[in-house]
Amino acid sequence: MNSNRTGVTNSAGSRRAGLAVANVNDGAAQITTPEHSHRSPASSARNTGWYAGAMVNVARKQATYAEYMALTETSEIKHEYIAGEIVAMAGGTIVHGRLIAELTGLVREALKGRPCVVLPAEVRVRIRAADRATYPDLHVVCTAVEADPDDANAVVNPTVIVEVLSDSTADADRGDKFADYRRLRSLREYVLVSQHERRIDVYTRDGRRWVLDEYRTGERLRLESIGVALAVDDCYTDALGAIVSP
C-alpha cells in the first residue's frame, strides 16, 4: 500500500491509516487530519458538508459509495472507501516507488504473450462483500477485466494483489485489509513486499485456507496462479542499483 500514511483517530476512537477521514456521526460531521481537526454541527451545516471539494450528506452516519465516487472524480489525491469512511491516502517513499516500478516491469515482462495485464496503483479495486474500495500498489487481472456494475473505474476480479509494506500500513495490510481482500473470489495470491529487508511474503489460496511462503535474498518466488517466477534479488535491484541492501 502507499507508504508513509498517518494513522487517524475517528470519533469512536478507532484508528485508520490515512491523511484524513470523513466520518459522519450522530449530529455532527467530523474530518480529522494529522495537523488539525474540524467539527461542525449538522444543524449549522443544514445536513450537508464539504469534504475535499465534494458535497456529503452528513445527516446519515456514513457516506454512501455514490458520494465517494463523486469525490474521486474531483479530488487530486486518492481516497479509500471503508464501510462508509472516506480515507485520504498519502504518497509513497522513493524506495516504495522504485520497488513498485521494478516489480511492475518484471511481472509484465514475465506475462508477455499471455492474456493477463498488470494494473498500477491508479486503478482501484472494489470489494463489495467487504464494502471497501482501495488502490493496491499493483494487481494482475487475467482473461478479462471486470468492472464493478456501479463503478466503471473499479476492478472486481484481480488474480494477484501486491502491496509494499511500510511501518504505518503493515498491520492493516496483514490484518483487516487482507481479510477484506480474501473476500474477492477471483483472488488467488496476495504478495507483501518489505521496504526494510529483502523479504517477500506470498499468501496462496488453498481452498478455504491461505498458505504463507516467505522468500528472502538468494531465493526465487513463484506466483502459481499466473505462472510467474521471480528472483527476490531482482525485485530489489533496478537500473540504478540496489533498492534495498541484501
# chains A, B, ... in the order shown; residues from 1 in each chain; ligands from 1
call {"tool": "residues_around", "arguments": {"residues": "stretch 103-118 of chain A", "least_positions_apart": "4", "cutoff": "10 Å", "atoms": "only C-alpha atoms", "output": "number ranges by chain"}}
result
A: 97-99, 137-145, 158-162, 193, 223, 226-231, 234-238
call {"tool": "write_last_selection", "arguments": {"atoms": "N, CA and C atoms", "output": "PDB file, in the first residue's frame"}}
result
ATOM      1  N   GLY A  97       8.382   3.660  -4.387  1.00  0.00           N
ATOM      2  CA  GLY A  97       8.171   3.867  -5.806  1.00  0.00           C
ATOM      3  C   GLY A  97       9.088   3.020  -6.675  1.00  0.00           C
ATOM      4  N   ARG A  98      10.350   2.916  -6.276  1.00  0.00           N
ATOM      5  CA  ARG A  98      11.293   2.104  -7.053  1.00  0.00           C
ATOM      6  C   ARG A  98      10.912   0.619  -7.024  1.00  0.00           C
ATOM      7  N   LEU A  99      10.494   0.136  -5.857  1.00  0.00           N
ATOM      8  CA  LEU A  99      10.095  -1.267  -5.748  1.00  0.00           C
ATOM      9  C   LEU A  99       8.895  -1.567  -6.642  1.00  0.00           C
ATOM     10  N   ASP A 137      -1.025  -1.484  -4.621  1.00  0.00           N
ATOM     11  CA  ASP A 137       0.163  -0.962  -5.284  1.00  0.00           C
ATOM     12  C   ASP A 137       0.266  -1.483  -6.716  1.00  0.00           C
ATOM     13  N   LEU A 138      -0.083  -2.717  -6.919  1.00  0.00           N
ATOM     14  CA  LEU A 138      -0.288  -3.236  -8.274  1.00  0.00           C
ATOM     15  C   LEU A 138      -1.127  -4.502  -8.158  1.00  0.00           C
ATOM     16  N   HIS A 139      -1.840  -4.814  -9.227  1.00  0.00           N
ATOM     17  CA  HIS A 139      -2.596  -6.063  -9.253  1.00  0.00           C
ATOM     18  C   HIS A 139      -2.630  -6.604 -10.668  1.00  0.00           C
ATOM     19  N   VAL A 140      -2.838  -7.902 -10.768  1.00  0.00           N
ATOM     20  CA  VAL A 140      -2.834  -8.598 -12.052  1.00  0.00           C
ATOM     21  C   VAL A 140      -4.230  -9.150 -12.307  1.00  0.00           C
ATOM     22  N   VAL A 141      -4.722  -8.915 -13.516  1.00  0.00           N
ATOM     23  CA  VAL A 141      -6.014  -9.456 -13.937  1.00  0.00           C
ATOM     24  C   VAL A 141      -5.785 -10.301 -15.180  1.00  0.00           C
ATOM     25  N   CYS A 142      -6.386 -11.472 -15.216  1.00  0.00           N
ATOM     26  CA  CYS A 142      -6.220 -12.370 -16.363  1.00  0.00           C
ATOM     27  C   CYS A 142      -7.546 -12.621 -17.074  1.00  0.00           C
ATOM     28  N   THR A 143      -7.450 -12.945 -18.343  1.00  0.00           N
ATOM     29  CA  THR A 143      -8.570 -13.263 -19.236  1.00  0.00           C
ATOM     30  C   THR A 143      -9.362 -12.017 -19.623  1.00  0.00           C
ATOM     31  N   ALA A 144      -9.996 -11.350 -18.649  1.00  0.00           N
ATOM     32  CA  ALA A 144     -10.765 -10.144 -18.960  1.00  0.00           C
ATOM     33  C   ALA A 144     -10.879  -9.291 -17.707  1.00  0.00           C
ATOM     34  N   VAL A 145     -10.837  -7.983 -17.881  1.00  0.00           N
ATOM     35  CA  VAL A 145     -11.020  -7.060 -16.766  1.00  0.00           C
ATOM     36  C   VAL A 145     -12.513  -6.856 -16.543  1.00  0.00           C
ATOM     37  N   PRO A 158      -9.309  -9.114  -9.511  1.00  0.00           N
ATOM     38  CA  PRO A 158      -7.855  -9.323  -9.549  1.00  0.00           C
ATOM     39  C   PRO A 158      -7.495 -10.770  -9.218  1.00  0.00           C
ATOM     40  N   THR A 159      -6.483 -11.293  -9.885  1.00  0.00           N
ATOM     41  CA  THR A 159      -5.973 -12.626  -9.585  1.00  0.00           C
ATOM     42  C   THR A 159      -4.855 -12.562  -8.551  1.00  0.00           C
ATOM     43  N   VAL A 160      -4.008 -11.544  -8.687  1.00  0.00           N
ATOM     44  CA  VAL A 160      -2.888 -11.317  -7.758  1.00  0.00           C
ATOM     45  C   VAL A 160      -2.912  -9.863  -7.320  1.00  0.00           C
ATOM     46  N   ILE A 161      -2.686  -9.626  -6.026  1.00  0.00           N
ATOM     47  CA  ILE A 161      -2.549  -8.270  -5.493  1.00  0.00           C
ATOM     48  C   ILE A 161      -1.201  -8.161  -4.801  1.00  0.00           C
ATOM     49  N   VAL A 162      -0.491  -7.049  -5.053  1.00  0.00           N
ATOM     50  CA  VAL A 162       0.809  -6.801  -4.440  1.00  0.00           C
ATOM     51  C   VAL A 162       0.742  -5.504  -3.648  1.00  0.00           C
ATOM     52  N   VAL A 193       5.524  -7.017   0.203  1.00  0.00           N
ATOM     53  CA  VAL A 193       6.932  -6.737  -0.080  1.00  0.00           C
ATOM     54  C   VAL A 193       7.489  -5.794   0.981  1.00  0.00           C
ATOM     55  N   LEU A 223       4.665 -17.275  -8.326  1.00  0.00           N
ATOM     56  CA  LEU A 223       3.245 -16.963  -8.280  1.00  0.00           C
ATOM     57  C   LEU A 223       2.530 -17.999  -9.146  1.00  0.00           C
ATOM     58  N   ILE A 226      -0.421 -17.308 -11.823  1.00  0.00           N
ATOM     59  CA  ILE A 226      -0.135 -16.703 -13.134  1.00  0.00           C
ATOM     60  C   ILE A 226       1.135 -17.283 -13.752  1.00  0.00           C
ATOM     61  N   GLY A 227       1.703 -18.293 -13.119  1.00  0.00           N
ATOM     62  CA  GLY A 227       2.860 -18.975 -13.673  1.00  0.00           C
ATOM     63  C   GLY A 227       4.094 -18.097 -13.811  1.00  0.00           C
ATOM     64  N   VAL A 228       4.345 -17.248 -12.817  1.00  0.00           N
ATOM     65  CA  VAL A 228       5.479 -16.325 -12.854  1.00  0.00           C
ATOM     66  C   VAL A 228       6.454 -16.659 -11.736  1.00  0.00           C
ATOM     67  N   ALA A 229       7.738 -16.729 -12.067  1.00  0.00           N
ATOM     68  CA  ALA A 229       8.796 -16.937 -11.076  1.00  0.00           C
ATOM     69  C   ALA A 229       9.746 -15.745 -11.136  1.00  0.00           C
ATOM     70  N   LEU A 230      10.114 -15.205  -9.972  1.00  0.00           N
ATOM     71  CA  LEU A 230      10.992 -14.042  -9.906  1.00  0.00           C
ATOM     72  C   LEU A 230      12.065 -14.267  -8.851  1.00  0.00           C
ATOM     73  N   ALA A 231      13.273 -13.821  -9.155  1.00  0.00           N
ATOM     74  CA  ALA A 231      14.335 -13.838  -8.147  1.00  0.00           C
ATOM     75  C   ALA A 231      14.105 -12.671  -7.191  1.00  0.00           C
ATOM     76  N   ASP A 234      16.290  -9.722  -7.819  1.00  0.00           N
ATOM     77  CA  ASP A 234      15.908  -8.915  -8.977  1.00  0.00           C
ATOM     78  C   ASP A 234      14.827  -7.899  -8.609  1.00  0.00           C
ATOM     79  N   CYS A 235      13.941  -8.293  -7.717  1.00  0.00           N
ATOM     80  CA  CYS A 235      12.859  -7.398  -7.288  1.00  0.00           C
ATOM     81  C   CYS A 235      13.398  -6.196  -6.520  1.00  0.00           C
ATOM     82  N   TYR A 236      14.552  -6.363  -5.897  1.00  0.00           N
ATOM     83  CA  TYR A 236      15.133  -5.307  -5.070  1.00  0.00           C
ATOM     84  C   TYR A 236      16.302  -4.594  -5.748  1.00  0.00           C
ATOM     85  N   THR A 237      16.427  -4.753  -7.063  1.00  0.00           N
ATOM     86  CA  THR A 237      17.502  -4.107  -7.820  1.00  0.00           C
ATOM     87  C   THR A 237      16.929  -3.521  -9.096  1.00  0.00           C
ATOM     88  N   ASP A 238      17.227  -2.247  -9.356  1.00  0.00           N
ATOM     89  CA  ASP A 238      16.799  -1.651 -10.619  1.00  0.00           C
ATOM     90  C   ASP A 238      17.997  -1.113 -11.365  1.00  0.00           C
TER      91      ASP A 238
END
call {"tool": "residues_around", "arguments": {"residues": "A:Ile200", "least_positions_apart": "4", "cutoff": "9 Å", "atoms": "only C-alpha atoms", "output": "ChimeraX atom specification"}}
result
/A:191-194,213-216,221,232
call {"tool": "residues_around", "arguments": {"residues": "A:Gly84", "least_positions_apart": "6", "cutoff": "7 Å", "atoms": "only C-alpha atoms", "output": "mmCIF file with C-alpha atoms, in the first residue's frame"}}
result
data_model
loop_
_atom_site.group_PDB
_atom_site.id
_atom_site.type_symbol
_atom_site.label_atom_id
_atom_site.label_comp_id
_atom_site.auth_asym_id
_atom_site.auth_seq_id
_atom_site.Cartn_x
_atom_site.Cartn_y
_atom_site.Cartn_z
ATOM 1 C CA GLN A 62 -21.925 7.191 6.876
ATOM 2 C CA ALA A 63 -21.026 8.447 3.432
ATOM 3 C CA THR A 64 -22.500 6.495 0.541
#
call {"tool": "select_by_dssp", "arguments": {"residues": "stretch 63-197 of chain A", "states": "alpha helix (DSSP H)", "output": "PyMOL selection string"}}
result
chain A and resi 65-74+94-110+170-174+176-181
call {"tool": "closest_residue", "arguments": {"among": "A:Ala101, A:Val202, A:Ala129, A:Leu165", "to": "A:Ala239", "atoms": "only C-alpha atoms"}}
result
A:Ala101
call {"tool": "closest_residue", "arguments": {"among": "A:Lys78, A:Arg185, A:Arg209, A:Arg199", "to": "A:Val156", "atoms": "only C-alpha atoms"}}
result
A:Arg185
call {"tool": "closest_residue", "arguments": {"among": "A:Asp206, A:Ser166, A:Ser225, A:Val155", "to": "A:His96", "atoms": "only C-alpha atoms"}}
result
A:Ser166
call {"tool": "closest_residue", "arguments": {"among": "A:Lys177, A:Asp131, A:Ala70, A:Ile100", "to": "A:Glu85", "atoms": "only C-alpha atoms"}}
result
A:Asp131
call {"tool": "atom_distance", "arguments": {"atom1": "atom CA of A:Glu189", "atom2": "atom CA of A:Leu119"}}
result
15.1 Å
call {"tool": "select_by_dssp", "arguments": {"residues": "stretch 69-133 of chain A", "states": "strand (DSSP E)", "output": "mmCIF file with C-alpha atoms, in the first residue's frame"}}
result
data_model
loop_
_atom_site.group_PDB
_atom_site.id
_atom_site.type_symbol
_atom_site.label_atom_id
_atom_site.label_comp_id
_atom_site.auth_asym_id
_atom_site.auth_seq_id
_atom_site.Cartn_x
_atom_site.Cartn_y
_atom_site.Cartn_z
ATOM 1 C CA HIS A 79 -9.058 8.007 -1.239
ATOM 2 C CA GLU A 80 -10.121 4.626 0.076
ATOM 3 C CA TYR A 81 -13.712 3.809 0.949
ATOM 4 C CA ILE A 82 -14.066 1.654 4.064
ATOM 5 C CA GLU A 85 -15.497 6.163 5.798
ATOM 6 C CA ILE A 86 -13.573 8.094 3.161
ATOM 7 C CA VAL A 87 -9.867 7.878 3.908
ATOM 8 C CA ALA A 88 -7.259 10.013 2.142
ATOM 9 C CA CYS A 116 -3.013 -11.039 -18.324
ATOM 10 C CA VAL A 117 -2.455 -7.354 -17.554
ATOM 11 C CA VAL A 118 -0.599 -5.612 -14.731
ATOM 12 C CA LEU A 119 -2.618 -2.676 -13.392
ATOM 13 C CA PRO A 120 -0.985 0.170 -11.416
ATOM 14 C CA ARG A 124 -8.900 0.930 -7.705
ATOM 15 C CA VAL A 125 -10.363 -2.392 -6.652
ATOM 16 C CA ARG A 126 -13.844 -2.656 -5.173
ATOM 17 C CA ILE A 127 -14.650 -5.394 -2.668
ATOM 18 C CA ARG A 132 -14.500 -1.381 0.591
ATOM 19 C CA ALA A 133 -12.680 0.233 -2.326
#
call {"tool": "residues_around", "arguments": {"residues": "A:Val95", "least_positions_apart": "6", "cutoff": "10 Å", "atoms": "only C-alpha atoms", "output": "PDB file with N, CA and C atoms, in the first residue's frame"}}
result
ATOM      1  N   SER A   3       2.944   4.072   1.155  1.00  0.00           N
ATOM      2  CA  SER A   3       3.577   4.159   2.453  1.00  0.00           C
ATOM      3  C   SER A   3       3.505   5.557   3.017  1.00  0.00           C
ATOM      4  N   ALA A 101       7.866   0.093  -9.279  1.00  0.00           N
ATOM      5  CA  ALA A 101       8.243   0.212 -10.687  1.00  0.00           C
ATOM      6  C   ALA A 101       8.969  -1.040 -11.162  1.00  0.00           C
ATOM      7  N   VAL A 164       3.321  -3.040  -1.106  1.00  0.00           N
ATOM      8  CA  VAL A 164       4.616  -2.776  -0.483  1.00  0.00           C
ATOM      9  C   VAL A 164       4.351  -2.268   0.931  1.00  0.00           C
ATOM     10  N   GLN A 195      10.004  -3.067   2.689  1.00  0.00           N
ATOM     11  CA  GLN A 195      10.881  -1.973   2.281  1.00  0.00           C
ATOM     12  C   GLN A 195      12.200  -1.974   3.057  1.00  0.00           C
ATOM     13  N   HIS A 196      12.258  -2.748   4.132  1.00  0.00           N
ATOM     14  CA  HIS A 196      13.385  -2.668   5.053  1.00  0.00           C
ATOM     15  C   HIS A 196      14.392  -3.810   4.896  1.00  0.00           C
ATOM     16  N   TYR A 236      14.552  -6.363  -5.897  1.00  0.00           N
ATOM     17  CA  TYR A 236      15.133  -5.307  -5.070  1.00  0.00           C
ATOM     18  C   TYR A 236      16.302  -4.594  -5.748  1.00  0.00           C
ATOM     19  N   ILE A 243      17.975  -1.350  -4.482  1.00  0.00           N
ATOM     20  CA  ILE A 243      16.918  -0.532  -3.880  1.00  0.00           C
ATOM     21  C   ILE A 243      16.957  -0.706  -2.366  1.00  0.00           C
ATOM     22  N   VAL A 244      17.117  -1.959  -1.947  1.00  0.00           N
ATOM     23  CA  VAL A 244      17.305  -2.303  -0.533  1.00  0.00           C
ATOM     24  C   VAL A 244      18.521  -3.206  -0.471  1.00  0.00           C
TER      25      VAL A 244
END
call {"tool": "atom_distance", "arguments": {"atom1": "atom CA of A:Ala147", "atom2": "atom CA of A:Tyr203"}}
result
24.4 Å
